[in-house]
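Below: the structure, in structure tokens.
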Amino acid sequence: MTTKRFKFVIAFAAGLILASSPVFAHHSTAEYDMTASTSVRGTVTKFEWTNPHAYITIAAKDDKGNAVEWSGELGSLGMLARVNWKRDTVKPGDEITIYGNRARDGKALMRLEKIVFANGQELSAQVR
């Protein structure tokens with residue numbers, strides 16, 4: 001291998017590594033309290049089947065009976081498909097309980113571990 005080609009290969013590899021670092025950072029769980037799981041029961045208002053992450057939004061009630069809109073972050077569509085999710089797995093109007101790790105900043109947002117339908121059917125949100 002010539003010196004010129006070797007330098008090109010090294011520069012190309014370094015460029016790939018630098019360009020990929022935002023991708024690794026994107027998949028961090030730092031936003032969520034990973035030490036505790038929580039659950040929220042409600043009615044699906046929206047299911048966004050989009051990359052880089054799918055989202056479920058539910059209408060729920062807090063401890064005082066006030067309406068709260070919760071959003072649950074799922075994985076990528078490819079990862080979800082591996083654990084049997086589809087575009088129509090969840091529909092507006094479905095009664096579900098979402099389980100996951102709540103956002104550290106107190107927002108009504110969580111990283112989902114699983115959902116449970118009103119009939120008891122469970123669906124994992126994690127590829128293991």
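Labeling convention for the structure tokens: chains A, B, ... as they appear, residues from 1 per chain, ligands from 1 in order of appearance.
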### Query
Among chain A, which ones does DSSP place in alpha helix (DSSP H), written as a PyMOL selection string?
chain A and resi 3-26+77-82
Please write the residues from the selection above to a file, keeping N, CA and C atoms, as a PDB file, in the first residue's frame.
ATOM      1  N   THR A   3       1.993   5.218   0.513  1.00  0.00           N
ATOM      2  CA  THR A   3       1.804   6.169   1.610  1.00  0.00           C
ATOM      3  C   THR A   3       0.575   7.034   1.361  1.00  0.00           C
ATOM      4  N   LYS A   4       0.380   7.446   0.142  1.00  0.00           N
ATOM      5  CA  LYS A   4      -0.765   8.301  -0.197  1.00  0.00           C
ATOM      6  C   LYS A   4      -2.082   7.546   0.058  1.00  0.00           C
ATOM      7  N   ARG A   5      -2.143   6.305  -0.354  1.00  0.00           N
ATOM      8  CA  ARG A   5      -3.350   5.489  -0.143  1.00  0.00           C
ATOM      9  C   ARG A   5      -3.570   5.224   1.350  1.00  0.00           C
ATOM     10  N   PHE A   6      -2.476   4.952   2.078  1.00  0.00           N
ATOM     11  CA  PHE A   6      -2.566   4.710   3.517  1.00  0.00           C
ATOM     12  C   PHE A   6      -3.133   5.935   4.234  1.00  0.00           C
ATOM     13  N   LYS A   7      -2.650   7.128   3.885  1.00  0.00           N
ATOM     14  CA  LYS A   7      -3.153   8.366   4.493  1.00  0.00           C
ATOM     15  C   LYS A   7      -4.637   8.553   4.179  1.00  0.00           C
ATOM     16  N   PHE A   8      -5.030   8.229   2.956  1.00  0.00           N
ATOM     17  CA  PHE A   8      -6.438   8.355   2.578  1.00  0.00           C
ATOM     18  C   PHE A   8      -7.312   7.419   3.414  1.00  0.00           C
ATOM     19  N   VAL A   9      -6.873   6.176   3.575  1.00  0.00           N
ATOM     20  CA  VAL A   9      -7.636   5.201   4.360  1.00  0.00           C
ATOM     21  C   VAL A   9      -7.761   5.665   5.804  1.00  0.00           C
ATOM     22  N   ILE A  10      -6.696   6.175   6.392  1.00  0.00           N
ATOM     23  CA  ILE A  10      -6.728   6.667   7.770  1.00  0.00           C
ATOM     24  C   ILE A  10      -7.662   7.873   7.873  1.00  0.00           C
ATOM     25  N   ALA A  11      -7.567   8.805   6.948  1.00  0.00           N
ATOM     26  CA  ALA A  11      -8.436   9.990   6.969  1.00  0.00           C
ATOM     27  C   ALA A  11      -9.902   9.593   6.790  1.00  0.00           C
ATOM     28  N   PHE A  12     -10.154   8.653   5.907  1.00  0.00           N
ATOM     29  CA  PHE A  12     -11.522   8.182   5.673  1.00  0.00           C
ATOM     30  C   PHE A  12     -12.086   7.523   6.932  1.00  0.00           C
ATOM     31  N   ALA A  13     -11.299   6.655   7.562  1.00  0.00           N
ATOM     32  CA  ALA A  13     -11.740   5.981   8.794  1.00  0.00           C
ATOM     33  C   ALA A  13     -12.006   6.987   9.905  1.00  0.00           C
ATOM     34  N   ALA A  14     -11.125   7.967  10.048  1.00  0.00           N
ATOM     35  CA  ALA A  14     -11.321   8.998  11.070  1.00  0.00           C
ATOM     36  C   ALA A  14     -12.596   9.790  10.791  1.00  0.00           C
ATOM     37  N   GLY A  15     -12.845  10.092   9.534  1.00  0.00           N
ATOM     38  CA  GLY A  15     -14.079  10.800   9.161  1.00  0.00           C
ATOM     39  C   GLY A  15     -15.324  10.007   9.511  1.00  0.00           C
ATOM     40  N   LEU A  16     -15.292   8.714   9.255  1.00  0.00           N
ATOM     41  CA  LEU A  16     -16.425   7.861   9.613  1.00  0.00           C
ATOM     42  C   LEU A  16     -16.660   7.843  11.116  1.00  0.00           C
ATOM     43  N   ILE A  17     -15.608   7.743  11.874  1.00  0.00           N
ATOM     44  CA  ILE A  17     -15.735   7.719  13.334  1.00  0.00           C
ATOM     45  C   ILE A  17     -16.306   9.041  13.834  1.00  0.00           C
ATOM     46  N   LEU A  18     -15.806  10.138  13.342  1.00  0.00           N
ATOM     47  CA  LEU A  18     -16.310  11.445  13.768  1.00  0.00           C
ATOM     48  C   LEU A  18     -17.759  11.657  13.356  1.00  0.00           C
ATOM     49  N   ALA A  19     -18.106  11.215  12.180  1.00  0.00           N
ATOM     50  CA  ALA A  19     -19.479  11.379  11.699  1.00  0.00           C
ATOM     51  C   ALA A  19     -20.458  10.486  12.450  1.00  0.00           C
ATOM     52  N   SER A  20     -19.986   9.365  12.960  1.00  0.00           N
ATOM     53  CA  SER A  20     -20.896   8.441  13.634  1.00  0.00           C
ATOM     54  C   SER A  20     -21.099   8.764  15.111  1.00  0.00           C
ATOM     55  N   SER A  21     -20.290   9.598  15.712  1.00  0.00           N
ATOM     56  CA  SER A  21     -20.433   9.880  17.142  1.00  0.00           C
ATOM     57  C   SER A  21     -21.781  10.494  17.500  1.00  0.00           C
ATOM     58  N   PRO A  22     -22.400  11.376  16.673  1.00  0.00           N
ATOM     59  CA  PRO A  22     -23.742  11.836  17.023  1.00  0.00           C
ATOM     60  C   PRO A  22     -24.772  10.715  17.019  1.00  0.00           C
ATOM     61  N   VAL A  23     -24.584   9.710  16.202  1.00  0.00           N
ATOM     62  CA  VAL A  23     -25.497   8.579  16.161  1.00  0.00           C
ATOM     63  C   VAL A  23     -25.442   7.826  17.484  1.00  0.00           C
ATOM     64  N   PHE A  24     -24.244   7.589  18.005  1.00  0.00           N
ATOM     65  CA  PHE A  24     -24.125   6.905  19.286  1.00  0.00           C
ATOM     66  C   PHE A  24     -24.735   7.746  20.394  1.00  0.00           C
ATOM     67  N   ALA A  25     -24.503   9.035  20.394  1.00  0.00           N
ATOM     68  CA  ALA A  25     -25.037   9.915  21.432  1.00  0.00           C
ATOM     69  C   ALA A  25     -26.556   9.962  21.376  1.00  0.00           C
ATOM     70  N   HIS A  26     -27.114   9.848  20.191  1.00  0.00           N
ATOM     71  CA  HIS A  26     -28.564   9.912  20.028  1.00  0.00           C
ATOM     72  C   HIS A  26     -29.275   8.806  20.791  1.00  0.00           C
ATOM     73  N   LEU A  77     -38.040   1.559  14.065  1.00  0.00           N
ATOM     74  CA  LEU A  77     -39.028   0.680  13.439  1.00  0.00           C
ATOM     75  C   LEU A  77     -38.465  -0.718  13.191  1.00  0.00           C
ATOM     76  N   GLY A  78     -37.217  -0.798  12.794  1.00  0.00           N
ATOM     77  CA  GLY A  78     -36.596  -2.099  12.563  1.00  0.00           C
ATOM     78  C   GLY A  78     -36.503  -2.919  13.842  1.00  0.00           C
ATOM     79  N   MET A  79     -36.121  -2.262  14.926  1.00  0.00           N
ATOM     80  CA  MET A  79     -36.027  -2.966  16.209  1.00  0.00           C
ATOM     81  C   MET A  79     -37.411  -3.392  16.680  1.00  0.00           C
ATOM     82  N   LEU A  80     -38.406  -2.536  16.518  1.00  0.00           N
ATOM     83  CA  LEU A  80     -39.763  -2.882  16.934  1.00  0.00           C
ATOM     84  C   LEU A  80     -40.315  -4.044  16.115  1.00  0.00           C
ATOM     85  N   ALA A  81     -40.028  -4.052  14.827  1.00  0.00           N
ATOM     86  CA  ALA A  81     -40.510  -5.141  13.973  1.00  0.00           C
ATOM     87  C   ALA A  81     -39.964  -6.491  14.448  1.00  0.00           C
ATOM     88  N   ARG A  82     -38.771  -6.489  15.019  1.00  0.00           N
ATOM     89  CA  ARG A  82     -38.180  -7.737  15.524  1.00  0.00           C
ATOM     90  C   ARG A  82     -38.936  -8.305  16.715  1.00  0.00           C
TER      91      ARG A  82
END
### Summary
In terms of only C-alpha atoms, the residue from A:Gln126, A:Ser71, A:Asn51, A:Asn101 at minimal distance from Thr29 in chain A is A:Asn101
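With only C-alpha atoms taken into account, the protein and nucleic acid residues at most 6 Å from Gly72 in chain A (excluding it and anything under 3 positions from it in its own chain) are Tyr55, Ile56, Leu109, Met110, Arg111 and Leu112 of chain A.
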Would you mind exporting C-alpha atoms of the selected residues as a short mmCIF file (atom, residue, chain, number, x, y, z; two decimals), in the first residue's frame?
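Written file, part-v2.cif:
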data_model
loop_
_atom_site.label_atom_id
_atom_site.label_comp_id
_atom_site.auth_asym_id
_atom_site.auth_seq_id
_atom_site.Cartn_x
_atom_site.Cartn_y
_atom_site.Cartn_z
CA TYR A 55 -43.93 7.29 19.88
CA ILE A 56 -47.20 6.48 21.62
CA LEU A 109 -42.43 11.29 28.93
CA MET A 110 -40.99 7.82 29.31
CA ARG A 111 -38.77 5.33 27.53
CA LEU A 112 -41.07 2.37 27.09
#
Among chain A, which residues carry a DSSP assignment of strand (DSSP E), reported as a short mmCIF file (atom, residue, chain, number, x, y, z; two decimals) with N, CA and C atoms, in the first residue's frame?
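Just written: selection05.cif:
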data_model
loop_
_atom_site.label_atom_id
_atom_site.label_comp_id
_atom_site.auth_asym_id
_atom_site.auth_seq_id
_atom_site.Cartn_x
_atom_site.Cartn_y
_atom_site.Cartn_z
N THR A 38 -41.95 2.92 35.98
CA THR A 38 -43.25 3.45 36.35
C THR A 38 -44.28 2.96 35.33
N SER A 39 -45.54 3.11 35.64
CA SER A 39 -46.58 2.73 34.69
C SER A 39 -47.67 3.80 34.68
N VAL A 40 -48.29 3.95 33.53
CA VAL A 40 -49.39 4.90 33.36
C VAL A 40 -50.44 4.23 32.49
N ARG A 41 -51.69 4.36 32.90
CA ARG A 41 -52.80 3.77 32.17
C ARG A 41 -53.59 4.88 31.49
N GLY A 42 -53.97 4.65 30.23
CA GLY A 42 -54.72 5.67 29.52
C GLY A 42 -55.21 5.20 28.17
N THR A 43 -55.70 6.15 27.40
CA THR A 43 -56.25 5.90 26.08
C THR A 43 -55.31 6.45 25.02
N VAL A 44 -54.98 5.64 24.04
CA VAL A 44 -54.09 6.07 22.97
C VAL A 44 -54.76 7.20 22.18
N THR A 45 -54.01 8.28 22.00
CA THR A 45 -54.49 9.38 21.16
C THR A 45 -53.71 9.46 19.86
N LYS A 46 -52.46 8.92 19.88
CA LYS A 46 -51.63 8.98 18.68
C LYS A 46 -50.56 7.91 18.75
N PHE A 47 -50.28 7.31 17.59
CA PHE A 47 -49.18 6.36 17.46
C PHE A 47 -48.38 6.80 16.25
N GLU A 48 -47.17 7.29 16.48
CA GLU A 48 -46.30 7.77 15.41
C GLU A 48 -45.31 6.68 15.03
N TYR A 55 -43.38 6.73 18.64
CA TYR A 55 -43.93 7.29 19.88
C TYR A 55 -45.39 6.91 20.02
N ILE A 56 -45.79 6.67 21.27
CA ILE A 56 -47.20 6.48 21.62
C ILE A 56 -47.57 7.63 22.54
N THR A 57 -48.69 8.28 22.25
CA THR A 57 -49.20 9.32 23.12
C THR A 57 -50.52 8.83 23.69
N ILE A 58 -50.67 8.96 25.01
CA ILE A 58 -51.91 8.54 25.65
C ILE A 58 -52.48 9.68 26.50
N ALA A 59 -53.78 9.68 26.63
CA ALA A 59 -54.48 10.59 27.54
C ALA A 59 -54.70 9.81 28.83
N ALA A 60 -54.21 10.36 29.93
CA ALA A 60 -54.31 9.69 31.23
C ALA A 60 -54.77 10.71 32.27
N LYS A 61 -54.92 10.24 33.49
CA LYS A 61 -55.29 11.09 34.62
C LYS A 61 -54.18 11.01 35.66
N ALA A 67 -56.41 15.72 33.67
CA ALA A 67 -55.97 15.12 32.40
C ALA A 67 -54.49 15.42 32.17
N VAL A 68 -53.76 14.38 31.78
CA VAL A 68 -52.33 14.51 31.47
C VAL A 68 -52.06 13.74 30.18
N GLU A 69 -51.31 14.37 29.27
CA GLU A 69 -50.93 13.70 28.04
C GLU A 69 -49.52 13.14 28.21
N TRP A 70 -49.39 11.82 28.14
CA TRP A 70 -48.11 11.14 28.27
C TRP A 70 -47.61 10.72 26.90
N SER A 71 -46.31 10.78 26.73
CA SER A 71 -45.68 10.32 25.50
C SER A 71 -44.67 9.23 25.87
N GLY A 72 -44.71 8.13 25.13
CA GLY A 72 -43.79 7.03 25.35
C GLY A 72 -42.90 6.85 24.14
N GLU A 73 -41.60 6.88 24.37
CA GLU A 73 -40.63 6.71 23.28
C GLU A 73 -40.29 5.24 23.13
N GLU A 95 -57.17 1.19 24.89
CA GLU A 95 -56.87 1.37 26.31
C GLU A 95 -55.63 0.54 26.61
N ILE A 96 -54.56 1.20 27.07
CA ILE A 96 -53.31 0.51 27.35
C ILE A 96 -52.69 1.03 28.65
N THR A 97 -51.78 0.24 29.16
CA THR A 97 -50.91 0.68 30.25
C THR A 97 -49.50 0.65 29.70
N ILE A 98 -48.80 1.78 29.86
CA ILE A 98 -47.42 1.85 29.39
C ILE A 98 -46.49 1.70 30.60
N TYR A 99 -45.42 0.96 30.42
CA TYR A 99 -44.43 0.73 31.46
C TYR A 99 -43.08 1.19 30.94
N GLY A 100 -42.33 1.89 31.79
CA GLY A 100 -41.01 2.32 31.36
C GLY A 100 -40.33 3.21 32.36
N ASN A 101 -39.33 3.92 31.86
CA ASN A 101 -38.50 4.80 32.68
C ASN A 101 -38.87 6.25 32.38
N ARG A 102 -39.27 6.95 33.42
CA ARG A 102 -39.74 8.33 33.29
C ARG A 102 -38.59 9.29 33.03
N LEU A 109 -43.11 11.99 30.01
CA LEU A 109 -42.43 11.29 28.93
C LEU A 109 -41.70 10.10 29.53
N MET A 110 -41.75 8.98 28.85
CA MET A 110 -40.99 7.82 29.31
C MET A 110 -40.43 7.02 28.15
N ARG A 111 -39.36 6.30 28.46
CA ARG A 111 -38.77 5.33 27.53
C ARG A 111 -39.49 4.02 27.83
N LEU A 112 -40.21 3.52 26.85
CA LEU A 112 -41.07 2.37 27.09
C LEU A 112 -40.31 1.05 27.15
N GLU A 113 -40.72 0.22 28.11
CA GLU A 113 -40.23 -1.15 28.22
C GLU A 113 -41.24 -2.11 27.62
N LYS A 114 -42.53 -1.83 27.88
CA LYS A 114 -43.60 -2.67 27.34
C LYS A 114 -44.91 -1.92 27.43
N ILE A 115 -45.92 -2.45 26.73
CA ILE A 115 -47.28 -1.98 26.88
C ILE A 115 -48.15 -3.19 27.19
N VAL A 116 -49.25 -2.93 27.86
CA VAL A 116 -50.22 -3.98 28.16
C VAL A 116 -51.58 -3.48 27.73
N PHE A 117 -52.24 -4.24 26.86
CA PHE A 117 -53.57 -3.89 26.39
C PHE A 117 -54.60 -4.21 27.47
N GLU A 122 -49.56 -8.48 26.49
CA GLU A 122 -48.35 -7.69 26.68
C GLU A 122 -47.55 -7.66 25.40
N LEU A 123 -46.91 -6.52 25.16
CA LEU A 123 -46.05 -6.39 23.99
C LEU A 123 -44.78 -5.65 24.43
N SER A 124 -43.65 -6.33 24.30
CA SER A 124 -42.38 -5.74 24.69
C SER A 124 -41.99 -4.63 23.73
#
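Note that CA of Gln121 in chain A and CA of Pro52 in chain A are 25.9 Å apart.
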